[in-house]
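Visitor: Have a look at this one before I ask anything.
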Amino acid sequence: MDIETDVCVVGAGPAGLTLALLMLRSGARVTVVERTRSFEREYRGEILQPGAMTLLDDLGILAGARARGGYELGRFQLLENERLLMNIDYGTLPPPYGFLLSLPQQHLLKELFEACSRHPGFAYLEGCGIRELVGDGNAVTGIVCGQGERRRRIAAPVTVAADGRYSKTRQLAGIRQHRLDAFAHDILWFRVPAGDRRDRSVRVHRTAGDPVLIYDSYPDCVQIGWTLPHNGYRRIAEEGVERLRTRIARAVPAYADQVLERVTKLTDLTLLDVFSGYAEEWTADGLVLLGDSAHTHSPIGAQGINLAVQDAVLLHPVLLTALRTGDFGKEALSAWVPARRKDIEKVFALQARQSKAMLGGGGRIAGAVRPLAARALAHTPLYGKILRAIAFGARPITVRSDLFEKAEPTRREAAEA
């Protein structure tokens, strides 16, 4: 069965579903295809920065997502051998978003999905991975997804690739990705019971071994990310799970008992191949790359969801213009790209500096200088500038609610009325 729609979105992550909701509220028909069959799956990112919270609140999504369960995290701290080097207080930011939000990603996706489902122009195909791009000359005019009885052909004047860092849509379009291995670590993620911990902060612990990231994760868990040398997992895994879990327990002594109890096999750990990268092109005739499909980032600074939601908000008016004019050429669809590329370049640069400061090599000189530099930074105007850039992005981005079919005010506009 063929489907005709205005916009075909490949991937039901934060970028894809946010864009779908924006377009639906503006009167467009949207079909979203997702290769998995459930939102109950493993996710890497679950921390929302204030910038993403602002936009999601404007869309009426944040309150419902939070009601499903999550934790406010007030501080980001860097410790070295249990000595506090940096204590970034999100409470210094303007209310009401003076915190980080640890929110299971499925809570956000379910809320976005339910909001999309209230619109008659929404179609959702789960368990339906993309197989082919359909073209008319050099222009993309739709996709083929699924297989067997679930095979579908979707005709759309514009297709949006929102299917992540390993985007199949990008590969089918023949668009090269430039990988930046500036981040010298991979991360093994796992959870343990929180016990009596109610720290409500994100912490990076630097020790003589590999740095460890720790934060509270709903419900009543602690998410732990043990860093290891880039591409070093195979060698470490060959030593066996007993040695591996002993090393992890030594790195997080406060949770050593839980680690030894919960980590009994390698499959209890999730390996994240950490890299940054960007697609050579973000658009083609009838095609747009969004979020991780266009630019991939390391977990430093918790920027993934922030950038994905911002991308969707920026693309929204561009797609509406294309639908109104009938121009789905590369140039028309690229109207948002030049400014956004500059934003992303700034994020890459900031993440590289954060990575070096938080996870970089030790050494006697570095160990002596780092505490002094960290404390000095906290007392300069640069500290506030960096915090705002991490929290909100390189420039203000707002939801174009004036383009909605029913002119519903955003949360901010309603509060000011």
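How things are named: the first chain in the structure tokens is A, the next is B, and so on; residues count from 1 in each chain; ligands count from 1 in the order shown.
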Where in region 106-192 of chain A does DSSP assign strand (DSSP E), given as a PyMOL selection string?
Guide: chain A and resi 122-126+130-136+139-145+152-155+158-161+177-180+185-192
Visitor: Which neighbours of region 74-86 of chain A fall inside 6 Å, counting only C-alpha atoms, when residues of the same chain fewer than 6 positions from it are skipped, and could you give them as a PyMOL selection string?
Guide: chain A and resi 99+201-207+371+374
Visitor: Rank nothing, just name the residue among A:Gly326, A:Gly304, A:Gly16, A:Pro299 nearest to Tyr124 (chain A), using only C-alpha atoms.
Guide: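 Checking each candidate against Tyr124 (chain A), we get A:Gly16 as the closest.
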Visitor: Find the residue from A:Ile143, A:Val263, A:Ala52, A:Ile187 that sits nearest to Val9 (chain A); use only C-alpha atoms when measuring.
Guide: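 Using only C-alpha atoms, Val9 (chain A) sits closest to A:Ile143.
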Visitor: Using only C-alpha atoms, determine which residues lie at most 9 Å from Leu320 (chain A), disregarding the query and same-chain residues fewer than 4 positions distant; provide the list as a ChimeraX atom specification.
Guide: /A:23,26,28,315-316,324-325,403
